[in-house]
$ cat coords.txt   # compact mmCIF, C-alpha atoms
# COMPACT_ATOMS: atom_id res chain seq x y z
CA MET A 1 -24.13 -6.92 -27.02
CA LYS A 2 -23.68 -8.25 -23.49
CA LYS A 3 -19.97 -7.44 -23.66
CA GLU A 4 -20.77 -3.90 -24.80
CA ILE A 5 -23.18 -3.39 -21.88
CA GLN A 6 -20.54 -4.62 -19.43
CA ALA A 7 -18.05 -2.10 -20.83
CA ILE A 8 -20.58 0.72 -20.37
CA ARG A 9 -21.41 -0.46 -16.87
CA LEU A 10 -17.73 -0.65 -15.96
CA ALA A 11 -17.14 2.93 -17.16
CA ASN A 12 -20.14 4.16 -15.18
CA PHE A 13 -19.09 2.08 -12.16
CA ARG A 14 -15.74 3.88 -12.16
CA GLN A 15 -17.54 7.21 -12.42
CA LEU A 16 -19.57 6.27 -9.33
CA ILE A 17 -16.33 5.47 -7.49
CA LYS A 18 -15.14 9.01 -8.16
CA GLU A 19 -18.47 10.48 -7.09
CA ALA A 20 -18.49 8.47 -3.86
CA GLY A 21 -14.85 9.26 -3.12
CA ASN A 22 -13.44 5.73 -3.15
CA ILE A 23 -14.44 2.10 -3.60
CA SER A 24 -15.11 1.49 0.10
CA LYS A 25 -17.45 4.47 0.31
CA LEU A 26 -19.32 3.36 -2.80
CA ALA A 27 -19.84 -0.10 -1.32
CA HIS A 28 -21.07 1.42 1.95
CA LEU A 29 -23.52 3.77 0.20
CA CYS A 30 -24.92 0.91 -1.85
CA GLY A 31 -25.49 -1.43 1.07
CA TYR A 32 -22.46 -3.70 0.78
CA LYS A 33 -20.65 -4.42 4.05
CA LYS A 34 -17.43 -5.51 2.32
CA PRO A 35 -15.98 -3.84 -0.81
CA VAL A 36 -13.93 -6.86 -1.94
CA TYR A 37 -16.09 -7.61 -4.99
CA PHE A 38 -16.04 -3.94 -5.96
CA TYR A 39 -12.23 -3.99 -6.00
CA GLN A 40 -12.31 -7.13 -8.14
CA ILE A 41 -14.67 -5.52 -10.65
CA ASN A 42 -12.55 -2.38 -10.84
CA ALA A 43 -9.39 -4.44 -11.38
CA GLN A 44 -11.23 -6.65 -13.91
CA LYS A 45 -10.18 -9.81 -12.11
CA GLU A 46 -10.55 -12.99 -14.14
CA LYS A 47 -12.89 -15.78 -13.00
CA PRO A 48 -11.94 -19.48 -13.35
CA ASN A 49 -13.80 -19.62 -16.68
CA GLY A 50 -11.60 -16.87 -18.10
CA GLN A 51 -14.26 -14.16 -18.01
CA THR A 52 -13.72 -10.95 -16.08
CA MET A 53 -15.79 -9.87 -13.10
CA GLY A 54 -18.89 -8.05 -14.28
CA ILE A 55 -21.90 -6.16 -12.97
CA GLY A 56 -25.19 -8.06 -13.05
CA ASN A 57 -28.65 -6.54 -13.19
CA ALA A 58 -29.27 -6.89 -9.45
CA MET A 59 -26.00 -5.12 -8.58
CA ALA A 60 -26.72 -2.45 -11.20
CA ARG A 61 -30.04 -1.66 -9.48
CA LYS A 62 -28.35 -1.45 -6.06
CA LEU A 63 -25.65 0.86 -7.42
CA GLU A 64 -28.24 3.12 -9.03
CA ALA A 65 -30.39 3.22 -5.89
CA GLY A 66 -27.44 3.82 -3.58
CA MET A 67 -26.11 6.69 -5.68
CA ASN A 68 -29.54 8.20 -6.47
CA LYS A 69 -29.39 7.41 -10.16
CA PRO A 70 -32.47 6.62 -12.27
CA GLU A 71 -33.11 2.97 -13.10
CA GLY A 72 -31.12 1.95 -16.15
CA TRP A 73 -28.53 4.71 -15.66
CA LEU A 74 -25.64 2.26 -15.25
CA SER A 75 -26.30 0.69 -18.66
CA GLN A 76 -26.32 3.98 -20.57
CA GLU A 77 -23.40 6.05 -21.84
CA HIS A 78 -22.86 9.38 -20.13
CA HIS A 79 -20.54 12.20 -21.07
CA SER A 80 -20.98 14.57 -18.14
CA THR A 81 -18.06 15.36 -15.85
CA PRO A 82 -18.37 13.35 -12.65
CA LYS A 83 -18.45 15.04 -9.28
CA THR A 84 -15.77 14.14 -6.80
CA ASN A 85 -15.30 14.89 -3.15
CA PHE A 86 -12.03 16.66 -3.77
CA ALA A 87 -11.48 19.79 -5.82
CA SER A 88 -9.18 19.88 -8.82
CA ALA A 89 -6.01 21.47 -7.60
CA SER A 90 -5.03 24.89 -8.86
CA ASN A 91 -1.34 24.04 -9.22
CA GLU A 92 -0.46 27.54 -10.31
CA LYS A 93 -2.18 29.04 -7.25
CA SER A 94 -0.68 26.65 -4.72
CA GLY A 95 2.73 26.52 -6.37
CA LEU A 96 2.79 22.76 -5.89
CA HIS A 97 3.17 20.55 -8.93
CA THR A 98 5.14 17.53 -7.77
CA ILE A 99 4.76 15.95 -4.34
CA THR A 100 6.83 13.19 -2.80
CA LEU A 101 4.80 10.71 -0.77
CA ALA A 102 6.50 8.17 1.49
CA TRP A 103 4.95 5.16 3.21
CA THR A 104 6.74 3.52 6.14
CA GLY A 105 5.95 0.47 8.23
CA ALA A 106 3.81 2.30 10.77
CA SER A 107 0.15 1.43 11.13
CA GLY A 108 -2.01 3.86 9.18
CA MET A 109 -1.76 2.75 5.56
CA PRO A 110 -5.39 3.82 4.88
CA TYR A 111 -4.23 7.42 5.38
CA GLY A 112 -1.36 7.04 2.93
CA MET A 113 -3.40 5.23 0.31
CA ARG A 114 -6.26 7.73 0.46
CA LEU A 115 -3.80 10.63 0.30
CA LEU A 116 -2.28 9.16 -2.86
CA GLU A 117 -5.74 8.76 -4.39
CA VAL A 118 -6.68 12.37 -3.68
CA LEU A 119 -3.38 13.86 -4.89
CA LEU A 120 -3.64 11.94 -8.16
CA GLY A 121 -7.29 12.94 -8.49
CA MET A 122 -6.23 16.57 -8.12
CA GLY A 123 -3.88 16.17 -11.07
CA HIS A 124 -0.58 16.33 -9.18
CA THR A 125 2.52 14.39 -10.10
CA VAL A 126 3.46 12.09 -7.22
CA TYR A 127 6.86 10.57 -6.48
CA LEU A 128 6.15 7.52 -4.33
CA VAL A 129 8.68 5.65 -2.22
CA TYR A 130 7.92 3.06 0.44
CA SER A 131 9.70 0.65 2.75
CA GLN A 132 9.47 -3.13 2.73
CA ALA A 133 7.61 -2.91 6.03
CA ALA A 134 4.99 -0.73 4.32
CA GLN A 135 4.20 -3.66 2.02
CA VAL A 136 3.45 -5.80 5.07
CA VAL A 137 1.22 -3.11 6.56
CA ALA A 138 -0.65 -2.61 3.26
CA GLN A 139 -1.46 -6.31 3.18
CA GLN A 140 -2.43 -6.40 6.86
CA GLU A 141 -4.59 -3.28 6.96
CA LEU A 142 -6.00 -3.05 3.44
CA ASP A 143 -5.64 -6.58 2.04
CA PHE A 144 -3.67 -4.85 -0.69
CA ALA A 145 -0.68 -6.60 -2.24
CA LEU A 146 1.79 -3.78 -2.80
CA PRO A 147 4.37 -5.10 -5.30
CA SER A 148 8.07 -5.01 -4.51
CA SER A 149 8.91 -3.94 -8.07
CA PRO A 150 8.52 -0.16 -8.56
CA GLN A 151 7.28 -0.69 -12.12
CA ALA A 152 4.69 -3.26 -11.04
CA ALA A 153 3.60 -0.98 -8.18
CA ARG A 154 3.19 1.91 -10.59
CA GLU A 155 1.03 -0.15 -12.93
CA THR A 156 -1.07 -1.55 -10.07
CA LEU A 157 -1.68 1.84 -8.45
CA CYS A 158 -2.40 3.60 -11.76
CA GLN A 159 -5.00 0.97 -12.50
CA LYS A 160 -6.44 1.20 -9.00
CA PHE A 161 -6.85 4.98 -9.10
CA GLN A 162 -7.39 5.39 -12.86
CA CYS A 163 -4.64 7.97 -13.25
CA LYS A 164 -2.34 8.82 -16.12
CA PRO A 165 0.94 6.86 -15.95
CA GLU A 166 2.96 10.07 -16.13
CA GLN A 167 1.34 11.26 -12.89
CA LEU A 168 2.86 8.56 -10.73
CA HIS A 169 6.53 7.62 -10.38
CA VAL A 170 7.51 4.85 -7.95
CA PHE A 171 11.09 4.42 -6.75
CA GLY A 172 12.89 1.63 -4.92
CA SER A 173 14.40 2.24 -1.49
CA GLN A 174 17.95 2.17 -2.89
CA GLU A 175 17.29 3.99 -6.16
CA TRP A 176 19.84 6.75 -5.66
CA PHE A 177 19.43 8.23 -9.14
CA ALA A 178 15.79 9.10 -8.44
CA PRO A 179 15.03 12.85 -8.71
CA ILE A 180 14.07 13.08 -5.04
CA ALA A 181 17.63 12.09 -4.02
CA SER A 182 19.08 15.42 -5.13
CA GLY A 183 18.48 19.02 -4.18
CA ASN A 184 18.57 20.21 -7.77
CA ALA A 185 15.55 18.11 -8.72
CA THR A 186 13.58 17.93 -5.48
CA ALA A 187 9.77 17.86 -5.39
CA ASP A 188 7.79 20.90 -4.26
CA ALA A 189 6.76 19.20 -1.01
CA MET A 190 7.08 15.88 0.80
CA ILE A 191 4.72 13.93 3.02
CA VAL A 192 5.64 10.89 5.11
CA CYS A 193 2.31 9.23 5.87
CA PRO A 194 2.26 7.11 7.91
CA ALA A 195 5.61 7.79 9.57
CA SER A 196 7.14 5.18 11.87
CA MET A 197 9.21 6.23 14.85
CA GLY A 198 12.20 4.53 13.23
CA SER A 199 11.85 6.74 10.15
CA ILE A 200 11.30 9.79 12.33
CA ALA A 201 14.53 9.05 14.19
CA ALA A 202 16.48 8.51 10.96
CA ILE A 203 15.18 11.76 9.45
CA ALA A 204 15.85 13.69 12.66
CA HIS A 205 19.48 12.52 12.68
CA GLY A 206 20.09 12.82 8.94
CA THR A 207 21.29 9.26 8.41
CA ALA A 208 19.88 9.10 4.86
CA ASP A 209 20.49 5.35 4.54
CA THR A 210 17.47 4.84 2.26
CA LEU A 211 15.91 6.89 -0.53
CA LEU A 212 13.00 7.74 1.75
CA GLU A 213 15.35 9.17 4.38
CA ARG A 214 17.47 10.94 1.79
CA ALA A 215 14.40 12.56 0.19
CA ALA A 216 13.34 13.90 3.59
CA ASP A 217 16.90 15.13 4.22
CA VAL A 218 16.79 16.95 0.88
CA ALA A 219 13.43 18.55 1.71
CA ILE A 220 14.84 19.86 5.00
CA LYS A 221 18.06 21.24 3.55
CA GLU A 222 16.24 22.84 0.61
CA ARG A 223 13.65 24.28 3.01
CA ARG A 224 10.76 22.63 1.20
CA PRO A 225 7.52 21.72 3.04
CA LEU A 226 7.92 18.38 4.85
CA ILE A 227 4.85 16.97 6.60
CA LEU A 228 5.33 14.05 8.96
CA VAL A 229 2.34 11.99 10.09
CA PRO A 230 3.67 9.97 13.06
CA ARG A 231 1.58 6.98 14.09
CA GLU A 232 2.56 5.75 17.54
CA ALA A 233 1.05 5.67 21.02
CA PRO A 234 2.14 6.32 23.65
CA LEU A 235 5.08 8.52 22.75
CA SER A 236 8.31 8.08 24.69
CA ALA A 237 10.60 10.94 25.65
CA LEU A 238 12.91 9.84 22.83
CA HIS A 239 10.06 10.04 20.30
CA LEU A 240 9.12 13.49 21.56
CA GLU A 241 12.71 14.71 21.38
CA ASN A 242 13.00 13.59 17.75
CA LEU A 243 9.67 15.18 16.84
CA LEU A 244 10.63 18.42 18.58
CA LYS A 245 13.94 18.49 16.72
CA LEU A 246 12.13 18.10 13.39
CA ALA A 247 9.56 20.74 14.30
CA GLN A 248 12.39 23.16 15.12
CA LEU A 249 13.86 22.42 11.68
CA GLY A 250 10.62 23.62 10.09
CA CYS A 251 8.85 20.30 9.55
CA THR A 252 5.12 20.03 10.15
CA ILE A 253 4.25 17.35 12.71
CA LEU A 254 0.70 16.21 12.04
CA PRO A 255 -0.41 13.22 14.14
CA PRO A 256 -3.37 11.38 12.59
CA ALA A 257 -5.82 12.52 15.26
CA ALA A 258 -9.32 12.50 13.81
CA GLY A 259 -11.84 15.06 15.06
CA PHE A 260 -15.44 14.23 15.86
CA TYR A 261 -17.13 17.62 15.51
CA ASN A 262 -17.93 16.72 11.88
CA LYS A 263 -19.86 13.65 13.15
CA PRO A 264 -18.02 10.94 11.18
CA GLN A 265 -20.25 8.07 10.06
CA SER A 266 -17.52 5.63 9.07
CA VAL A 267 -13.83 4.84 9.27
CA ASP A 268 -13.49 6.40 5.81
CA ASP A 269 -14.80 9.69 7.19
CA MET A 270 -12.16 9.61 9.92
CA VAL A 271 -9.45 8.87 7.37
CA ASP A 272 -10.66 11.77 5.21
CA PHE A 273 -10.47 14.09 8.23
CA VAL A 274 -6.73 13.44 8.57
CA VAL A 275 -6.10 13.62 4.82
CA ALA A 276 -7.98 16.93 4.73
CA ARG A 277 -5.71 18.35 7.43
CA ILE A 278 -2.65 17.33 5.41
CA LEU A 279 -4.03 19.05 2.31
CA ASP A 280 -4.82 22.15 4.38
CA GLN A 281 -1.16 22.39 5.41
CA LEU A 282 -0.21 22.45 1.73
CA ARG A 283 -2.93 25.02 0.96
CA LEU A 284 -4.56 22.61 -1.47
CA PRO A 285 -8.31 23.11 -1.97
CA HIS A 286 -10.51 20.10 -1.35
CA GLN A 287 -14.03 19.03 -0.46
CA LEU A 288 -13.24 16.12 1.83
CA MET A 289 -15.00 17.81 4.70
CA PRO A 290 -16.76 21.14 5.28
CA GLN A 291 -14.72 24.02 6.63
CA TRP A 292 -15.34 25.08 10.20
CA GLY A 293 -18.06 27.75 10.28
CA GLY A 294 -18.94 27.10 6.63
$ encode --input "coords.txt" --output "structure tokens"
Amino acid sequence: MKKEIQAIRLANFRQLIKEAGNISKLAHLCGYKKPVYFYQINAQKEKPNGQTMGIGNAMARKLEAGMNKPEGWLSQEHHSTPKTNFASASNEKSGLHTITLAWTGASGMPYGMRLLEVLLGMGHTVYLVYSQAAQVVAQQELDFALPSSPQAARETLCQKFQCKPEQLHVFGSQEWFAPIASGNATADAMIVCPASMGSIAAIAHGTADTLLERAADVAIKERRPLILVPREAPLSALHLENLLKLAQLGCTILPPAAGFYNKPQSVDDMVDFVVARILDQLRLPHQLMPQWGG
């Protein structure tokens, strides 16, 4: 019976994650300063005794109170569709079905990770490619161990974001037979977030030495939307020249500059501001933040 209750609580816990927007936001809303234990529960991490991390009665009450649920809600089965803070994408309306997402070694991995979460939540198919330096940044900024193996990364991220395996395809940096390496199978749009100045320079000069650079080169030559989120400060004249060159080629240059008119209450709110601007450029409907004048 106890095992059955834990299974119900886990399912409802994951529903609360979707309602809150992400694990960090859920932890914040429920009075937890650090979301580490929440991540462990979601990943069903094993304890030394072989049992998986569970949700006790005290935590259940805090989750219910923080998310305005009646007492006992977490231990009951529910079949209603959970609310999320991003709208389901109308793929037919936007014309975007498959999106390439690239992570480089620039600081700003929270933007890239949140963007992946939202795109998958919208139902898009995502082609993900990242550099070795991005693995270092993911560990440094998010305490997230991003596997080197594309297959392991796919499994880890699908579990993290509870998406269908067919929605996410992860490719190695030298995987030249990946669809995004060719113009006849390119994705509908590409986003490099965060984008290092090294990657910006390589894309601007068409070197295409890695799959990430080649995918961006393909997006430019096929005249597909390419959004670059450069994370560097200050910018040198060389950086500006490369960014100008890419802008003149039709790329969207979108620095991760959070606004404050929406009165952000947390770092997550500031991250969502930037992610919302990226989605706006792709004409993808969302509810990450209210529209100006709305």
$ closest_residue --input "coords.txt" --among "A:Met67, A:Leu168, A:Ala134, A:Leu120" --to "Ala195 of chain A" --atoms "all atoms listed in the file"
A:Ala134
$ closest_residue --input "coords.txt" --among "A:Glu64, A:Ala257, A:Ile5, A:Ile220" --to "Ala233 of chain A" --atoms "all atoms listed in the file"
A:Ala257
$ atom_distance --input "coords.txt" --atom1 "atom CA of Ile180 of chain A" --atom2 "atom CA of Asp272 of chain A"
26.8 Å
$ closest_residue --input "coords.txt" --among "A:Phe161, A:Ile253, A:Leu116, A:Ile227" --to "Arg14 of chain A" --atoms "only C-alpha atoms"
A:Phe161
$ atom_distance --input "coords.txt" --atom1 "atom CA of Ile8 of chain A" --atom2 "atom CA of Gln76 of chain A"
6.6 Å
$ atom_distance --input "coords.txt" --atom1 "atom CA of Gly259 of chain A" --atom2 "atom CA of Ala102 of chain A"
23.8 Å
$ residues_around --input "coords.txt" --residues "Ser196 of chain A" --least-positions-apart "4" --cutoff "7 Å" --atoms "all atoms listed in the file" --output "list in words"
Thr104, Gly105, Ala106, Ile200, Pro230 and Arg231 of chain A
$ residues_around --input "coords.txt" --residues "Leu63 of chain A" --least-positions-apart "3" --cutoff "6 Å" --atoms "all atoms listed in the file" --output "VMD selection string"
chain A and resid 30 60 66
$ decode --input "coords.txt" --residues "segment 9-49 of chain A" --atoms "N, CA and C atoms" --output "PDB file, in the first residue's frame"
ATOM      1  N   ARG A   9       1.849   9.733  -5.370  1.00  0.00           N
ATOM      2  CA  ARG A   9       2.468  11.008  -5.002  1.00  0.00           C
ATOM      3  C   ARG A   9       3.501  11.452  -6.028  1.00  0.00           C
ATOM      4  N   LEU A  10       4.253  10.511  -6.576  1.00  0.00           N
ATOM      5  CA  LEU A  10       5.253  10.849  -7.580  1.00  0.00           C
ATOM      6  C   LEU A  10       4.585  11.407  -8.834  1.00  0.00           C
ATOM      7  N   ALA A  11       3.487  10.772  -9.260  1.00  0.00           N
ATOM      8  CA  ALA A  11       2.759  11.242 -10.450  1.00  0.00           C
ATOM      9  C   ALA A  11       2.218  12.648 -10.217  1.00  0.00           C
ATOM     10  N   ASN A  12       1.662  12.884  -9.032  1.00  0.00           N
ATOM     11  CA  ASN A  12       1.128  14.206  -8.715  1.00  0.00           C
ATOM     12  C   ASN A  12       2.243  15.230  -8.533  1.00  0.00           C
ATOM     13  N   PHE A  13       3.361  14.787  -7.987  1.00  0.00           N
ATOM     14  CA  PHE A  13       4.538  15.660  -7.835  1.00  0.00           C
ATOM     15  C   PHE A  13       4.988  16.166  -9.205  1.00  0.00           C
ATOM     16  N   ARG A  14       5.019  15.270 -10.180  1.00  0.00           N
ATOM     17  CA  ARG A  14       5.426  15.664 -11.530  1.00  0.00           C
ATOM     18  C   ARG A  14       4.398  16.575 -12.181  1.00  0.00           C
ATOM     19  N   GLN A  15       3.130  16.408 -11.813  1.00  0.00           N
ATOM     20  CA  GLN A  15       2.108  17.324 -12.311  1.00  0.00           C
ATOM     21  C   GLN A  15       2.328  18.717 -11.721  1.00  0.00           C
ATOM     22  N   LEU A  16       2.701  18.773 -10.450  1.00  0.00           N
ATOM     23  CA  LEU A  16       2.968  20.066  -9.812  1.00  0.00           C
ATOM     24  C   LEU A  16       4.167  20.756 -10.443  1.00  0.00           C
ATOM     25  N   ILE A  17       5.168  19.969 -10.864  1.00  0.00           N
ATOM     26  CA  ILE A  17       6.327  20.548 -11.550  1.00  0.00           C
ATOM     27  C   ILE A  17       5.875  21.273 -12.812  1.00  0.00           C
ATOM     28  N   LYS A  18       4.978  20.636 -13.552  1.00  0.00           N
ATOM     29  CA  LYS A  18       4.475  21.248 -14.791  1.00  0.00           C
ATOM     30  C   LYS A  18       3.662  22.499 -14.484  1.00  0.00           C
ATOM     31  N   GLU A  19       2.862  22.446 -13.422  1.00  0.00           N
ATOM     32  CA  GLU A  19       2.053  23.604 -13.064  1.00  0.00           C
ATOM     33  C   GLU A  19       2.928  24.779 -12.617  1.00  0.00           C
ATOM     34  N   ALA A  20       3.977  24.470 -11.875  1.00  0.00           N
ATOM     35  CA  ALA A  20       4.872  25.524 -11.389  1.00  0.00           C
ATOM     36  C   ALA A  20       5.754  26.075 -12.499  1.00  0.00           C
ATOM     37  N   GLY A  21       6.078  25.246 -13.468  1.00  0.00           N
ATOM     38  CA  GLY A  21       6.939  25.660 -14.580  1.00  0.00           C
ATOM     39  C   GLY A  21       8.229  24.882 -14.638  1.00  0.00           C
ATOM     40  N   ASN A  22       8.829  24.599 -13.487  1.00  0.00           N
ATOM     41  CA  ASN A  22      10.010  23.753 -13.407  1.00  0.00           C
ATOM     42  C   ASN A  22      10.253  23.365 -11.953  1.00  0.00           C
ATOM     43  N   ILE A  23      11.231  22.508 -11.728  1.00  0.00           N
ATOM     44  CA  ILE A  23      11.486  22.002 -10.384  1.00  0.00           C
ATOM     45  C   ILE A  23      11.920  23.120  -9.437  1.00  0.00           C
ATOM     46  N   SER A  24      12.771  24.007  -9.906  1.00  0.00           N
ATOM     47  CA  SER A  24      13.253  25.095  -9.054  1.00  0.00           C
ATOM     48  C   SER A  24      12.109  25.996  -8.594  1.00  0.00           C
ATOM     49  N   LYS A  25      11.187  26.290  -9.503  1.00  0.00           N
ATOM     50  CA  LYS A  25      10.060  27.140  -9.146  1.00  0.00           C
ATOM     51  C   LYS A  25       9.147  26.441  -8.140  1.00  0.00           C
ATOM     52  N   LEU A  26       8.953  25.138  -8.318  1.00  0.00           N
ATOM     53  CA  LEU A  26       8.122  24.392  -7.376  1.00  0.00           C
ATOM     54  C   LEU A  26       8.736  24.444  -5.985  1.00  0.00           C
ATOM     55  N   ALA A  27      10.034  24.237  -5.903  1.00  0.00           N
ATOM     56  CA  ALA A  27      10.716  24.277  -4.610  1.00  0.00           C
ATOM     57  C   ALA A  27      10.551  25.651  -3.966  1.00  0.00           C
ATOM     58  N   HIS A  28      10.722  26.702  -4.769  1.00  0.00           N
ATOM     59  CA  HIS A  28      10.598  28.065  -4.251  1.00  0.00           C
ATOM     60  C   HIS A  28       9.184  28.325  -3.733  1.00  0.00           C
ATOM     61  N   LEU A  29       8.174  27.928  -4.483  1.00  0.00           N
ATOM     62  CA  LEU A  29       6.785  28.157  -4.091  1.00  0.00           C
ATOM     63  C   LEU A  29       6.412  27.416  -2.823  1.00  0.00           C
ATOM     64  N   CYS A  30       7.090  26.283  -2.592  1.00  0.00           N
ATOM     65  CA  CYS A  30       6.750  25.452  -1.441  1.00  0.00           C
ATOM     66  C   CYS A  30       7.676  25.675  -0.245  1.00  0.00           C
ATOM     67  N   GLY A  31       8.500  26.719  -0.325  1.00  0.00           N
ATOM     68  CA  GLY A  31       9.306  27.092   0.826  1.00  0.00           C
ATOM     69  C   GLY A  31      10.635  26.397   0.962  1.00  0.00           C
ATOM     70  N   TYR A  32      11.129  25.796  -0.105  1.00  0.00           N
ATOM     71  CA  TYR A  32      12.431  25.129  -0.063  1.00  0.00           C
ATOM     72  C   TYR A  32      13.464  26.025  -0.745  1.00  0.00           C
ATOM     73  N   LYS A  33      14.537  26.340  -0.047  1.00  0.00           N
ATOM     74  CA  LYS A  33      15.561  27.220  -0.607  1.00  0.00           C
ATOM     75  C   LYS A  33      16.371  26.539  -1.708  1.00  0.00           C
ATOM     76  N   LYS A  34      16.585  25.229  -1.573  1.00  0.00           N
ATOM     77  CA  LYS A  34      17.359  24.492  -2.568  1.00  0.00           C
ATOM     78  C   LYS A  34      16.520  23.344  -3.139  1.00  0.00           C
ATOM     79  N   PRO A  35      16.515  23.183  -4.471  1.00  0.00           N
ATOM     80  CA  PRO A  35      15.666  22.171  -5.099  1.00  0.00           C
ATOM     81  C   PRO A  35      16.328  20.804  -5.266  1.00  0.00           C
ATOM     82  N   VAL A  36      17.502  20.604  -4.639  1.00  0.00           N
ATOM     83  CA  VAL A  36      18.266  19.377  -4.870  1.00  0.00           C
ATOM     84  C   VAL A  36      17.429  18.133  -4.605  1.00  0.00           C
ATOM     85  N   TYR A  37      16.750  18.098  -3.450  1.00  0.00           N
ATOM     86  CA  TYR A  37      15.959  16.910  -3.104  1.00  0.00           C
ATOM     87  C   TYR A  37      14.822  16.695  -4.095  1.00  0.00           C
ATOM     88  N   PHE A  38      14.274  17.794  -4.606  1.00  0.00           N
ATOM     89  CA  PHE A  38      13.195  17.677  -5.592  1.00  0.00           C
ATOM     90  C   PHE A  38      13.701  16.985  -6.859  1.00  0.00           C
ATOM     91  N   TYR A  39      14.919  17.367  -7.288  1.00  0.00           N
ATOM     92  CA  TYR A  39      15.508  16.728  -8.471  1.00  0.00           C
ATOM     93  C   TYR A  39      15.741  15.237  -8.213  1.00  0.00           C
ATOM     94  N   GLN A  40      16.161  14.904  -7.005  1.00  0.00           N
ATOM     95  CA  GLN A  40      16.413  13.503  -6.663  1.00  0.00           C
ATOM     96  C   GLN A  40      15.130  12.687  -6.659  1.00  0.00           C
ATOM     97  N   ILE A  41      14.048  13.278  -6.165  1.00  0.00           N
ATOM     98  CA  ILE A  41      12.755  12.592  -6.178  1.00  0.00           C
ATOM     99  C   ILE A  41      12.308  12.367  -7.620  1.00  0.00           C
ATOM    100  N   ASN A  42      12.397  13.407  -8.426  1.00  0.00           N
ATOM    101  CA  ASN A  42      11.954  13.314  -9.820  1.00  0.00           C
ATOM    102  C   ASN A  42      12.748  12.269 -10.594  1.00  0.00           C
ATOM    103  N   ALA A  43      14.047  12.170 -10.302  1.00  0.00           N
ATOM    104  CA  ALA A  43      14.905  11.190 -10.975  1.00  0.00           C
ATOM    105  C   ALA A  43      14.840   9.818 -10.321  1.00  0.00           C
ATOM    106  N   GLN A  44      14.089   9.711  -9.206  1.00  0.00           N
ATOM    107  CA  GLN A  44      13.973   8.461  -8.465  1.00  0.00           C
ATOM    108  C   GLN A  44      15.345   7.907  -8.089  1.00  0.00           C
ATOM    109  N   LYS A  45      16.136   8.772  -7.473  1.00  0.00           N
ATOM    110  CA  LYS A  45      17.468   8.387  -7.043  1.00  0.00           C
ATOM    111  C   LYS A  45      17.390   7.348  -5.925  1.00  0.00           C
ATOM    112  N   GLU A  46      18.265   6.366  -5.981  1.00  0.00           N
ATOM    113  CA  GLU A  46      18.283   5.312  -4.970  1.00  0.00           C
ATOM    114  C   GLU A  46      19.055   5.746  -3.726  1.00  0.00           C
ATOM    115  N   LYS A  47      18.511   5.388  -2.551  1.00  0.00           N
ATOM    116  CA  LYS A  47      19.189   5.626  -1.277  1.00  0.00           C
ATOM    117  C   LYS A  47      20.112   4.440  -0.991  1.00  0.00           C
ATOM    118  N   PRO A  48      21.005   4.576  -0.012  1.00  0.00           N
ATOM    119  CA  PRO A  48      21.937   3.479   0.316  1.00  0.00           C
ATOM    120  C   PRO A  48      21.249   2.150   0.608  1.00  0.00           C
ATOM    121  N   ASN A  49      20.005   2.207   1.119  1.00  0.00           N
ATOM    122  CA  ASN A  49      19.287   0.967   1.434  1.00  0.00           C
ATOM    123  C   ASN A  49      18.590   0.355   0.226  1.00  0.00           C
TER     124      ASN A  49
END
